Every structure is written in structure tokens, then in C-alpha cells.
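my_file26.pdb follows (PDB, N, CA and C atoms, pLDDT in the B column):
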ATOM      1  N   MET A  26      38.719  -6.239   9.240  1.00 50.00           N
ATOM      2  CA  MET A  26      37.412  -6.346   9.866  1.00 50.00           C
ATOM      3  C   MET A  26      36.560  -7.278   9.015  1.00 50.00           C
ATOM      4  N   GLU A  27      35.999  -8.281   9.622  1.00 58.00           N
ATOM      5  CA  GLU A  27      35.217  -9.243   8.858  1.00 58.00           C
ATOM      6  C   GLU A  27      33.728  -8.966   8.988  1.00 58.00           C
ATOM      7  N   LYS A  28      33.018  -9.290   7.911  1.00 63.00           N
ATOM      8  CA  LYS A  28      31.561  -9.153   7.931  1.00 63.00           C
ATOM      9  C   LYS A  28      30.979 -10.384   8.600  1.00 63.00           C
ATOM     10  N   HIS A  29      29.814 -10.212   9.190  1.00 68.00           N
ATOM     11  CA  HIS A  29      29.170 -11.314   9.908  1.00 68.00           C
ATOM     12  C   HIS A  29      27.887 -11.730   9.201  1.00 68.00           C
ATOM     13  N   ASP A  30      28.031 -12.247   7.985  1.00 82.00           N
ATOM     14  CA  ASP A  30      26.817 -12.678   7.303  1.00 82.00           C
ATOM     15  C   ASP A  30      26.354 -14.012   7.875  1.00 82.00           C
ATOM     16  N   LEU A  31      25.086 -14.276   7.693  1.00 86.00           N
ATOM     17  CA  LEU A  31      24.471 -15.448   8.328  1.00 86.00           C
ATOM     18  C   LEU A  31      25.022 -16.774   7.820  1.00 86.00           C
ATOM     19  N   LEU A  32      25.460 -16.815   6.586  1.00 83.00           N
ATOM     20  CA  LEU A  32      26.006 -18.077   6.074  1.00 83.00           C
ATOM     21  C   LEU A  32      27.312 -18.425   6.773  1.00 83.00           C
ATOM     22  N   HIS A  33      28.041 -17.418   7.235  1.00 86.00           N
ATOM     23  CA  HIS A  33      29.263 -17.672   8.008  1.00 86.00           C
ATOM     24  C   HIS A  33      28.950 -17.882   9.488  1.00 86.00           C
ATOM     25  N   GLU A  34      27.898 -17.237   9.958  1.00 86.00           N
ATOM     26  CA  GLU A  34      27.500 -17.391  11.361  1.00 86.00           C
ATOM     27  C   GLU A  34      26.940 -18.792  11.624  1.00 86.00           C
ATOM     28  N   PHE A  35      26.190 -19.311  10.653  1.00 91.00           N
ATOM     29  CA  PHE A  35      25.536 -20.616  10.800  1.00 91.00           C
ATOM     30  C   PHE A  35      25.859 -21.518   9.603  1.00 91.00           C
ATOM     31  N   PRO A  36      27.124 -21.894   9.428  1.00 91.00           N
ATOM     32  CA  PRO A  36      27.489 -22.684   8.238  1.00 91.00           C
ATOM     33  C   PRO A  36      26.737 -24.011   8.141  1.00 91.00           C
ATOM     34  N   GLU A  37      26.378 -24.579   9.282  1.00 94.00           N
ATOM     35  CA  GLU A  37      25.669 -25.859   9.280  1.00 94.00           C
ATOM     36  C   GLU A  37      24.229 -25.721   8.774  1.00 94.00           C
ATOM     37  N   TYR A  38      23.744 -24.486   8.641  1.00 94.00           N
ATOM     38  CA  TYR A  38      22.365 -24.243   8.205  1.00 94.00           C
ATOM     39  C   TYR A  38      22.293 -23.602   6.815  1.00 94.00           C
ATOM     40  N   GLN A  39      23.369 -23.637   6.047  1.00 93.00           N
ATOM     41  CA  GLN A  39      23.376 -22.947   4.750  1.00 93.00           C
ATOM     42  C   GLN A  39      22.214 -23.372   3.857  1.00 93.00           C
ATOM     43  N   GLU A  40      21.992 -24.671   3.753  1.00 94.00           N
ATOM     44  CA  GLU A  40      20.910 -25.166   2.903  1.00 94.00           C
ATOM     45  C   GLU A  40      19.546 -24.727   3.446  1.00 94.00           C
ATOM     46  N   LYS A  41      19.375 -24.836   4.748  1.00 95.00           N
ATOM     47  CA  LYS A  41      18.115 -24.451   5.398  1.00 95.00           C
ATOM     48  C   LYS A  41      17.871 -22.950   5.229  1.00 95.00           C
ATOM     49  N   ILE A  42      18.902 -22.145   5.351  1.00 94.00           N
ATOM     50  CA  ILE A  42      18.767 -20.694   5.159  1.00 94.00           C
ATOM     51  C   ILE A  42      18.269 -20.410   3.745  1.00 94.00           C
ATOM     52  N   HIS A  43      18.871 -21.066   2.772  1.00 94.00           N
ATOM     53  CA  HIS A  43      18.463 -20.863   1.382  1.00 94.00           C
ATOM     54  C   HIS A  43      16.994 -21.260   1.186  1.00 94.00           C
ATOM     55  N   GLU A  44      16.615 -22.411   1.704  1.00 95.00           N
ATOM     56  CA  GLU A  44      15.226 -22.883   1.586  1.00 95.00           C
ATOM     57  C   GLU A  44      14.252 -21.892   2.226  1.00 95.00           C
ATOM     58  N   LEU A  45      14.561 -21.481   3.448  1.00 96.00           N
ATOM     59  CA  LEU A  45      13.658 -20.581   4.166  1.00 96.00           C
ATOM     60  C   LEU A  45      13.553 -19.216   3.486  1.00 96.00           C
ATOM     61  N   LYS A  46      14.645 -18.738   2.920  1.00 94.00           N
ATOM     62  CA  LYS A  46      14.600 -17.460   2.201  1.00 94.00           C
ATOM     63  C   LYS A  46      13.648 -17.547   1.011  1.00 94.00           C
ATOM     64  N   MET A  47      13.582 -18.723   0.393  1.00 96.00           N
ATOM     65  CA  MET A  47      12.727 -18.906  -0.781  1.00 96.00           C
ATOM     66  C   MET A  47      11.261 -19.139  -0.384  1.00 96.00           C
ATOM     67  N   GLU A  48      11.028 -19.786   0.760  1.00 96.00           N
ATOM     68  CA  GLU A  48       9.683 -20.249   1.108  1.00 96.00           C
ATOM     69  C   GLU A  48       8.988 -19.451   2.204  1.00 96.00           C
ATOM     70  N   ASN A  49       9.746 -18.698   2.995  1.00 96.00           N
ATOM     71  CA  ASN A  49       9.180 -18.063   4.180  1.00 96.00           C
ATOM     72  C   ASN A  49       9.442 -16.553   4.130  1.00 96.00           C
ATOM     73  N   ASN A  50       8.392 -15.782   3.866  1.00 97.00           N
ATOM     74  CA  ASN A  50       8.557 -14.332   3.722  1.00 97.00           C
ATOM     75  C   ASN A  50       9.060 -13.673   5.002  1.00 97.00           C
ATOM     76  N   HIS A  51       8.579 -14.148   6.150  1.00 96.00           N
ATOM     77  CA  HIS A  51       9.029 -13.585   7.422  1.00 96.00           C
ATOM     78  C   HIS A  51      10.537 -13.829   7.605  1.00 96.00           C
ATOM     79  N   PHE A  52      10.977 -15.047   7.322  1.00 97.00           N
ATOM     80  CA  PHE A  52      12.402 -15.365   7.443  1.00 97.00           C
ATOM     81  C   PHE A  52      13.215 -14.518   6.466  1.00 97.00           C
ATOM     82  N   LYS A  53      12.726 -14.381   5.239  1.00 96.00           N
ATOM     83  CA  LYS A  53      13.451 -13.584   4.241  1.00 96.00           C
ATOM     84  C   LYS A  53      13.614 -12.146   4.720  1.00 96.00           C
ATOM     85  N   LYS A  54      12.554 -11.579   5.319  1.00 97.00           N
ATOM     86  CA  LYS A  54      12.652 -10.207   5.833  1.00 97.00           C
ATOM     87  C   LYS A  54      13.674 -10.129   6.965  1.00 97.00           C
ATOM     88  N   LEU A  55      13.646 -11.094   7.888  1.00 96.00           N
ATOM     89  CA  LEU A  55      14.636 -11.119   8.971  1.00 96.00           C
ATOM     90  C   LEU A  55      16.049 -11.218   8.397  1.00 96.00           C
ATOM     91  N   PHE A  56      16.212 -12.102   7.423  1.00 95.00           N
ATOM     92  CA  PHE A  56      17.517 -12.295   6.788  1.00 95.00           C
ATOM     93  C   PHE A  56      17.996 -10.991   6.145  1.00 95.00           C
ATOM     94  N   ASP A  57      17.111 -10.347   5.385  1.00 96.00           N
ATOM     95  CA  ASP A  57      17.469  -9.090   4.716  1.00 96.00           C
ATOM     96  C   ASP A  57      17.784  -7.986   5.723  1.00 96.00           C
ATOM     97  N   ASP A  58      16.982  -7.902   6.788  1.00 96.00           N
ATOM     98  CA  ASP A  58      17.242  -6.899   7.831  1.00 96.00           C
ATOM     99  C   ASP A  58      18.595  -7.146   8.493  1.00 96.00           C
ATOM    100  N   TYR A  59      18.886  -8.415   8.781  1.00 95.00           N
ATOM    101  CA  TYR A  59      20.163  -8.778   9.395  1.00 95.00           C
ATOM    102  C   TYR A  59      21.308  -8.398   8.467  1.00 95.00           C
ATOM    103  N   ASP A  60      21.167  -8.739   7.198  1.00 93.00           N
ATOM    104  CA  ASP A  60      22.215  -8.458   6.215  1.00 93.00           C
ATOM    105  C   ASP A  60      22.473  -6.956   6.105  1.00 93.00           C
ATOM    106  N   GLU A  61      21.408  -6.174   6.103  1.00 93.00           N
ATOM    107  CA  GLU A  61      21.525  -4.719   6.028  1.00 93.00           C
ATOM    108  C   GLU A  61      22.239  -4.167   7.272  1.00 93.00           C
ATOM    109  N   LEU A  62      21.848  -4.652   8.448  1.00 92.00           N
ATOM    110  CA  LEU A  62      22.501  -4.216   9.685  1.00 92.00           C
ATOM    111  C   LEU A  62      23.972  -4.621   9.711  1.00 92.00           C
ATOM    112  N   ALA A  63      24.263  -5.843   9.287  1.00 90.00           N
ATOM    113  CA  ALA A  63      25.651  -6.320   9.267  1.00 90.00           C
ATOM    114  C   ALA A  63      26.491  -5.433   8.360  1.00 90.00           C
ATOM    115  N   HIS A  64      25.923  -5.044   7.224  1.00 89.00           N
ATOM    116  CA  HIS A  64      26.649  -4.181   6.291  1.00 89.00           C
ATOM    117  C   HIS A  64      26.887  -2.794   6.908  1.00 89.00           C
ATOM    118  N   GLU A  65      25.866  -2.257   7.555  1.00 90.00           N
ATOM    119  CA  GLU A  65      26.005  -0.945   8.192  1.00 90.00           C
ATOM    120  C   GLU A  65      27.036  -0.988   9.324  1.00 90.00           C
ATOM    121  N   ILE A  66      26.992  -2.032  10.134  1.00 89.00           N
ATOM    122  CA  ILE A  66      27.953  -2.171  11.233  1.00 89.00           C
ATOM    123  C   ILE A  66      29.370  -2.336  10.688  1.00 89.00           C
ATOM    124  N   TYR A  67      29.510  -3.065   9.600  1.00 88.00           N
ATOM    125  CA  TYR A  67      30.822  -3.217   8.959  1.00 88.00           C
ATOM    126  C   TYR A  67      31.365  -1.849   8.523  1.00 88.00           C
ATOM    127  N   ARG A  68      30.495  -1.034   7.904  1.00 87.00           N
ATOM    128  CA  ARG A  68      30.925   0.307   7.472  1.00 87.00           C
ATOM    129  C   ARG A  68      31.320   1.163   8.677  1.00 87.00           C
ATOM    130  N   ILE A  69      30.584   1.038   9.773  1.00 86.00           N
ATOM    131  CA  ILE A  69      30.900   1.796  10.990  1.00 86.00           C
ATOM    132  C   ILE A  69      32.238   1.328  11.566  1.00 86.00           C
ATOM    133  N   ASN A  70      32.427   0.019  11.648  1.00 85.00           N
ATOM    134  CA  ASN A  70      33.654  -0.534  12.238  1.00 85.00           C
ATOM    135  C   ASN A  70      34.894  -0.244  11.407  1.00 85.00           C
ATOM    136  N   THR A  71      34.709   0.001  10.115  1.00 86.00           N
ATOM    137  CA  THR A  71      35.851   0.320   9.256  1.00 86.00           C
ATOM    138  C   THR A  71      35.977   1.828   9.053  1.00 86.00           C
ATOM    139  N   ASP A  72      35.254   2.592   9.866  1.00 81.00           N
ATOM    140  CA  ASP A  72      35.282   4.058   9.858  1.00 81.00           C
ATOM    141  C   ASP A  72      34.862   4.684   8.535  1.00 81.00           C
ATOM    142  N   VAL A  73      34.133   3.946   7.719  1.00 79.00           N
ATOM    143  CA  VAL A  73      33.583   4.509   6.500  1.00 79.00           C
ATOM    144  C   VAL A  73      32.428   5.429   6.864  1.00 79.00           C
ATOM    145  N   GLU A  74      31.732   5.058   7.921  1.00 72.00           N
ATOM    146  CA  GLU A  74      30.545   5.791   8.355  1.00 72.00           C
ATOM    147  C   GLU A  74      30.623   6.049   9.857  1.00 72.00           C
ATOM    148  N   PRO A  75      31.262   7.150  10.279  1.00 80.00           N
ATOM    149  CA  PRO A  75      31.385   7.416  11.719  1.00 80.00           C
ATOM    150  C   PRO A  75      30.041   7.733  12.367  1.00 80.00           C
ATOM    151  N   VAL A  76      29.821   7.133  13.529  1.00 84.00           N
ATOM    152  CA  VAL A  76      28.588   7.359  14.301  1.00 84.00           C
ATOM    153  C   VAL A  76      28.948   7.366  15.784  1.00 84.00           C
ATOM    154  N   SER A  77      27.966   7.728  16.592  1.00 88.00           N
ATOM    155  CA  SER A  77      28.190   7.719  18.040  1.00 88.00           C
ATOM    156  C   SER A  77      28.271   6.276  18.541  1.00 88.00           C
ATOM    157  N   ASP A  78      28.919   6.094  19.681  1.00 88.00           N
ATOM    158  CA  ASP A  78      29.003   4.771  20.297  1.00 88.00           C
ATOM    159  C   ASP A  78      27.612   4.248  20.652  1.00 88.00           C
ATOM    160  N   GLU A  79      26.745   5.148  21.072  1.00 92.00           N
ATOM    161  CA  GLU A  79      25.385   4.753  21.444  1.00 92.00           C
ATOM    162  C   GLU A  79      24.642   4.181  20.236  1.00 92.00           C
ATOM    163  N   TYR A  80      24.751   4.842  19.104  1.00 91.00           N
ATOM    164  CA  TYR A  80      24.081   4.365  17.885  1.00 91.00           C
ATOM    165  C   TYR A  80      24.666   3.019  17.460  1.00 91.00           C
ATOM    166  N   SER A  81      25.967   2.908  17.514  1.00 87.00           N
ATOM    167  CA  SER A  81      26.637   1.659  17.163  1.00 87.00           C
ATOM    168  C   SER A  81      26.160   0.519  18.067  1.00 87.00           C
ATOM    169  N   HIS A  82      26.061   0.789  19.348  1.00 91.00           N
ATOM    170  CA  HIS A  82      25.588  -0.212  20.311  1.00 91.00           C
ATOM    171  C   HIS A  82      24.141  -0.613  20.008  1.00 91.00           C
ATOM    172  N   THR A  83      23.310   0.366  19.672  1.00 94.00           N
ATOM    173  CA  THR A  83      21.911   0.088  19.332  1.00 94.00           C
ATOM    174  C   THR A  83      21.827  -0.844  18.127  1.00 94.00           C
ATOM    175  N   LEU A  84      22.620  -0.575  17.103  1.00 93.00           N
ATOM    176  CA  LEU A  84      22.616  -1.430  15.916  1.00 93.00           C
ATOM    177  C   LEU A  84      23.071  -2.850  16.245  1.00 93.00           C
ATOM    178  N   LYS A  85      24.124  -2.943  17.036  1.00 91.00           N
ATOM    179  CA  LYS A  85      24.638  -4.271  17.394  1.00 91.00           C
ATOM    180  C   LYS A  85      23.630  -5.060  18.223  1.00 91.00           C
ATOM    181  N   THR A  86      22.897  -4.362  19.083  1.00 95.00           N
ATOM    182  CA  THR A  86      21.854  -5.017  19.882  1.00 95.00           C
ATOM    183  C   THR A  86      20.736  -5.509  18.980  1.00 95.00           C
ATOM    184  N   LYS A  87      20.314  -4.674  18.026  1.00 96.00           N
ATOM    185  CA  LYS A  87      19.281  -5.078  17.066  1.00 96.00           C
ATOM    186  C   LYS A  87      19.732  -6.314  16.293  1.00 96.00           C
ATOM    187  N   MET A  88      20.985  -6.292  15.855  1.00 93.00           N
ATOM    188  CA  MET A  88      21.507  -7.395  15.067  1.00 93.00           C
ATOM    189  C   MET A  88      21.524  -8.684  15.888  1.00 93.00           C
ATOM    190  N   LEU A  89      21.871  -8.576  17.153  1.00 94.00           N
ATOM    191  CA  LEU A  89      21.897  -9.741  18.033  1.00 94.00           C
ATOM    192  C   LEU A  89      20.487 -10.324  18.204  1.00 94.00           C
ATOM    193  N   HIS A  90      19.495  -9.454  18.363  1.00 96.00           N
ATOM    194  CA  HIS A  90      18.109  -9.925  18.492  1.00 96.00           C
ATOM    195  C   HIS A  90      17.644 -10.609  17.206  1.00 96.00           C
ATOM    196  N   LEU A  91      17.988 -10.027  16.063  1.00 96.00           N
ATOM    197  CA  LEU A  91      17.631 -10.650  14.790  1.00 96.00           C
ATOM    198  C   LEU A  91      18.300 -12.018  14.657  1.00 96.00           C
ATOM    199  N   LYS A  92      19.572 -12.073  15.025  1.00 94.00           N
ATOM    200  CA  LYS A  92      20.314 -13.334  14.932  1.00 94.00           C
ATOM    201  C   LYS A  92      19.659 -14.400  15.818  1.00 94.00           C
ATOM    202  N   ASP A  93      19.256 -14.013  17.021  1.00 96.00           N
ATOM    203  CA  ASP A  93      18.578 -14.958  17.924  1.00 96.00           C
ATOM    204  C   ASP A  93      17.264 -15.454  17.321  1.00 96.00           C
ATOM    205  N   GLU A  94      16.486 -14.538  16.741  1.00 96.00           N
ATOM    206  CA  GLU A  94      15.210 -14.932  16.147  1.00 96.00           C
ATOM    207  C   GLU A  94      15.437 -15.839  14.933  1.00 96.00           C
ATOM    208  N   ILE A  95      16.416 -15.501  14.131  1.00 96.00           N
ATOM    209  CA  ILE A  95      16.741 -16.327  12.964  1.00 96.00           C
ATOM    210  C   ILE A  95      17.198 -17.709  13.404  1.00 96.00           C
ATOM    211  N   PHE A  96      18.066 -17.761  14.398  1.00 95.00           N
ATOM    212  CA  PHE A  96      18.526 -19.067  14.883  1.00 95.00           C
ATOM    213  C   PHE A  96      17.356 -19.900  15.418  1.00 95.00           C
ATOM    214  N   SER A  97      16.453 -19.251  16.113  1.00 96.00           N
ATOM    215  CA  SER A  97      15.280 -19.937  16.649  1.00 96.00           C
ATOM    216  C   SER A  97      14.478 -20.583  15.516  1.00 96.00           C
ATOM    217  N   ILE A  98      14.279 -19.853  14.435  1.00 95.00           N
ATOM    218  CA  ILE A  98      13.552 -20.396  13.283  1.00 95.00           C
ATOM    219  C   ILE A  98      14.332 -21.542  12.656  1.00 95.00           C
ATOM    220  N   LEU A  99      15.624 -21.371  12.505  1.00 95.00           N
ATOM    221  CA  LEU A  99      16.460 -22.431  11.916  1.00 95.00           C
ATOM    222  C   LEU A  99      16.418 -23.704  12.746  1.00 95.00           C
ATOM    223  N   ALA A 100      16.487 -23.557  14.051  1.00 94.00           N
ATOM    224  CA  ALA A 100      16.524 -24.713  14.948  1.00 94.00           C
ATOM    225  C   ALA A 100      15.193 -25.465  14.944  1.00 94.00           C
ATOM    226  N   LYS A 101      14.096 -24.758  14.692  1.00 92.00           N
ATOM    227  CA  LYS A 101      12.771 -25.397  14.700  1.00 92.00           C
ATOM    228  C   LYS A 101      12.450 -26.102  13.392  1.00 92.00           C
ATOM    229  N   ASN A 102      13.103 -25.719  12.304  1.00 82.00           N
ATOM    230  CA  ASN A 102      12.756 -26.266  10.990  1.00 82.00           C
ATOM    231  C   ASN A 102      13.651 -27.395  10.567  1.00 82.00           C
TER     232      ASN A 102
END
Full structure transcribed into C-alpha cells:
Amino acid sequence: MEKHDLLHEFPEYQEKIHELKMENNHFKKLFDDYDELAHEIYRINTDVEPVSDEYSHTLKTKMLHLKDEIFSILAKN
């Protein structure tokens, strides 16, 4: 099971991600929230942390929304 960190999701934006994390508090919070969710989903998918399907779906939906917002910021900068 692979983790879905943002540097692998958006390899073409690695430098921009680093810059925004340093300069933009809102982006840094989104990045940190995404990273935390990705880690939690990874633990769920590897059965380290069993949860209901509904909870798992909720987390994945949240992560998708964060990813969309992060991509939107990356594309504009």
C-alpha cells in the first residue's frame, strides 16, 4: 500500500510546494492537514487502524477536497 503524499501527487510542483509551505500559512496548514489525513488513511488501508467504511469514506472525501484546494493554489502561483 503506497502513501499519497503531495510531493508524489504533484511532482512537477515540488519546488512550488516547498516555497508555499515556507511563505503561505494557509497553504502550510492545508499541506499539514493533507499529510495527516494521508497518514491516517494509510494506517486504515494497512489495517493498523480498523474503522468503519463510512469513516474511511469521509476521510478520503476530505483528502480529495484538500487535494483540489491545494492544486488550485499551486496552479495559480
Using only N, CA and C atoms, which protein or nucleic acid residues come within 8 Å of stretch 54-69 of chain A? Drop anything in the same chain fewer than 4 positions from it, and give the result as a PDB file with N, CA and C atoms, in the frame of the given file.
ATOM      1  N   MET A  26      38.719  -6.239   9.240  1.00 50.00           N
ATOM      2  CA  MET A  26      37.412  -6.346   9.866  1.00 50.00           C
ATOM      3  C   MET A  26      36.560  -7.278   9.015  1.00 50.00           C
ATOM      4  N   GLU A  27      35.999  -8.281   9.622  1.00 58.00           N
ATOM      5  CA  GLU A  27      35.217  -9.243   8.858  1.00 58.00           C
ATOM      6  C   GLU A  27      33.728  -8.966   8.988  1.00 58.00           C
ATOM      7  N   LYS A  28      33.018  -9.290   7.911  1.00 63.00           N
ATOM      8  CA  LYS A  28      31.561  -9.153   7.931  1.00 63.00           C
ATOM      9  C   LYS A  28      30.979 -10.384   8.600  1.00 63.00           C
ATOM     10  N   HIS A  29      29.814 -10.212   9.190  1.00 68.00           N
ATOM     11  CA  HIS A  29      29.170 -11.314   9.908  1.00 68.00           C
ATOM     12  C   HIS A  29      27.887 -11.730   9.201  1.00 68.00           C
ATOM     13  N   ASP A  30      28.031 -12.247   7.985  1.00 82.00           N
ATOM     14  CA  ASP A  30      26.817 -12.678   7.303  1.00 82.00           C
ATOM     15  C   ASP A  30      26.354 -14.012   7.875  1.00 82.00           C
ATOM     16  N   LEU A  31      25.086 -14.276   7.693  1.00 86.00           N
ATOM     17  CA  LEU A  31      24.471 -15.448   8.328  1.00 86.00           C
ATOM     18  C   LEU A  31      25.022 -16.774   7.820  1.00 86.00           C
ATOM     19  N   LEU A  45      14.561 -21.481   3.448  1.00 96.00           N
ATOM     20  CA  LEU A  45      13.658 -20.581   4.166  1.00 96.00           C
ATOM     21  C   LEU A  45      13.553 -19.216   3.486  1.00 96.00           C
ATOM     22  N   LYS A  46      14.645 -18.738   2.920  1.00 94.00           N
ATOM     23  CA  LYS A  46      14.600 -17.460   2.201  1.00 94.00           C
ATOM     24  C   LYS A  46      13.648 -17.547   1.011  1.00 94.00           C
ATOM     25  N   ASN A  49       9.746 -18.698   2.995  1.00 96.00           N
ATOM     26  CA  ASN A  49       9.180 -18.063   4.180  1.00 96.00           C
ATOM     27  C   ASN A  49       9.442 -16.553   4.130  1.00 96.00           C
ATOM     28  N   ASN A  50       8.392 -15.782   3.866  1.00 97.00           N
ATOM     29  CA  ASN A  50       8.557 -14.332   3.722  1.00 97.00           C
ATOM     30  C   ASN A  50       9.060 -13.673   5.002  1.00 97.00           C
ATOM     31  N   VAL A  73      34.133   3.946   7.719  1.00 79.00           N
ATOM     32  CA  VAL A  73      33.583   4.509   6.500  1.00 79.00           C
ATOM     33  C   VAL A  73      32.428   5.429   6.864  1.00 79.00           C
ATOM     34  N   GLU A  74      31.732   5.058   7.921  1.00 72.00           N
ATOM     35  CA  GLU A  74      30.545   5.791   8.355  1.00 72.00           C
ATOM     36  C   GLU A  74      30.623   6.049   9.857  1.00 72.00           C
ATOM     37  N   PRO A  75      31.262   7.150  10.279  1.00 80.00           N
ATOM     38  CA  PRO A  75      31.385   7.416  11.719  1.00 80.00           C
ATOM     39  C   PRO A  75      30.041   7.733  12.367  1.00 80.00           C
ATOM     40  N   VAL A  76      29.821   7.133  13.529  1.00 84.00           N
ATOM     41  CA  VAL A  76      28.588   7.359  14.301  1.00 84.00           C
ATOM     42  C   VAL A  76      28.948   7.366  15.784  1.00 84.00           C
ATOM     43  N   SER A  81      25.967   2.908  17.514  1.00 87.00           N
ATOM     44  CA  SER A  81      26.637   1.659  17.163  1.00 87.00           C
ATOM     45  C   SER A  81      26.160   0.519  18.067  1.00 87.00           C
ATOM     46  N   LEU A  84      22.620  -0.575  17.103  1.00 93.00           N
ATOM     47  CA  LEU A  84      22.616  -1.430  15.916  1.00 93.00           C
ATOM     48  C   LEU A  84      23.071  -2.850  16.245  1.00 93.00           C
ATOM     49  N   LYS A  85      24.124  -2.943  17.036  1.00 91.00           N
ATOM     50  CA  LYS A  85      24.638  -4.271  17.394  1.00 91.00           C
ATOM     51  C   LYS A  85      23.630  -5.060  18.223  1.00 91.00           C
ATOM     52  N   LYS A  87      20.314  -4.674  18.026  1.00 96.00           N
ATOM     53  CA  LYS A  87      19.281  -5.078  17.066  1.00 96.00           C
ATOM     54  C   LYS A  87      19.732  -6.314  16.293  1.00 96.00           C
ATOM     55  N   MET A  88      20.985  -6.292  15.855  1.00 93.00           N
ATOM     56  CA  MET A  88      21.507  -7.395  15.067  1.00 93.00           C
ATOM     57  C   MET A  88      21.524  -8.684  15.888  1.00 93.00           C
ATOM     58  N   LEU A  89      21.871  -8.576  17.153  1.00 94.00           N
ATOM     59  CA  LEU A  89      21.897  -9.741  18.033  1.00 94.00           C
ATOM     60  C   LEU A  89      20.487 -10.324  18.204  1.00 94.00           C
ATOM     61  N   LEU A  91      17.988 -10.027  16.063  1.00 96.00           N
ATOM     62  CA  LEU A  91      17.631 -10.650  14.790  1.00 96.00           C
ATOM     63  C   LEU A  91      18.300 -12.018  14.657  1.00 96.00           C
ATOM     64  N   LYS A  92      19.572 -12.073  15.025  1.00 94.00           N
ATOM     65  CA  LYS A  92      20.314 -13.334  14.932  1.00 94.00           C
ATOM     66  C   LYS A  92      19.659 -14.400  15.818  1.00 94.00           C
ATOM     67  N   GLU A  94      16.486 -14.538  16.741  1.00 96.00           N
ATOM     68  CA  GLU A  94      15.210 -14.932  16.147  1.00 96.00           C
ATOM     69  C   GLU A  94      15.437 -15.839  14.933  1.00 96.00           C
ATOM     70  N   ILE A  95      16.416 -15.501  14.131  1.00 96.00           N
ATOM     71  CA  ILE A  95      16.741 -16.327  12.964  1.00 96.00           C
ATOM     72  C   ILE A  95      17.198 -17.709  13.404  1.00 96.00           C
TER      73      ILE A  95
END
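A straight line drawn from atom N of A:His51 to atom C of A:Tyr80 is 26.1 Å long.
Rounded to one decimal, atom CA of A:Glu48 and atom CA of A:Lys101 lie 14.9 Å from each other.
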Atomic distance atom CA of A:Leu32 - atom CA of A:Asn70, expressed in Å with one decimal: 20.1 Å
Alpha helix (DSSP H) call set, DSSP backbone run, chain A, as a ChimeraX atom specification: /A:31-34,39-48,50-70,78-101
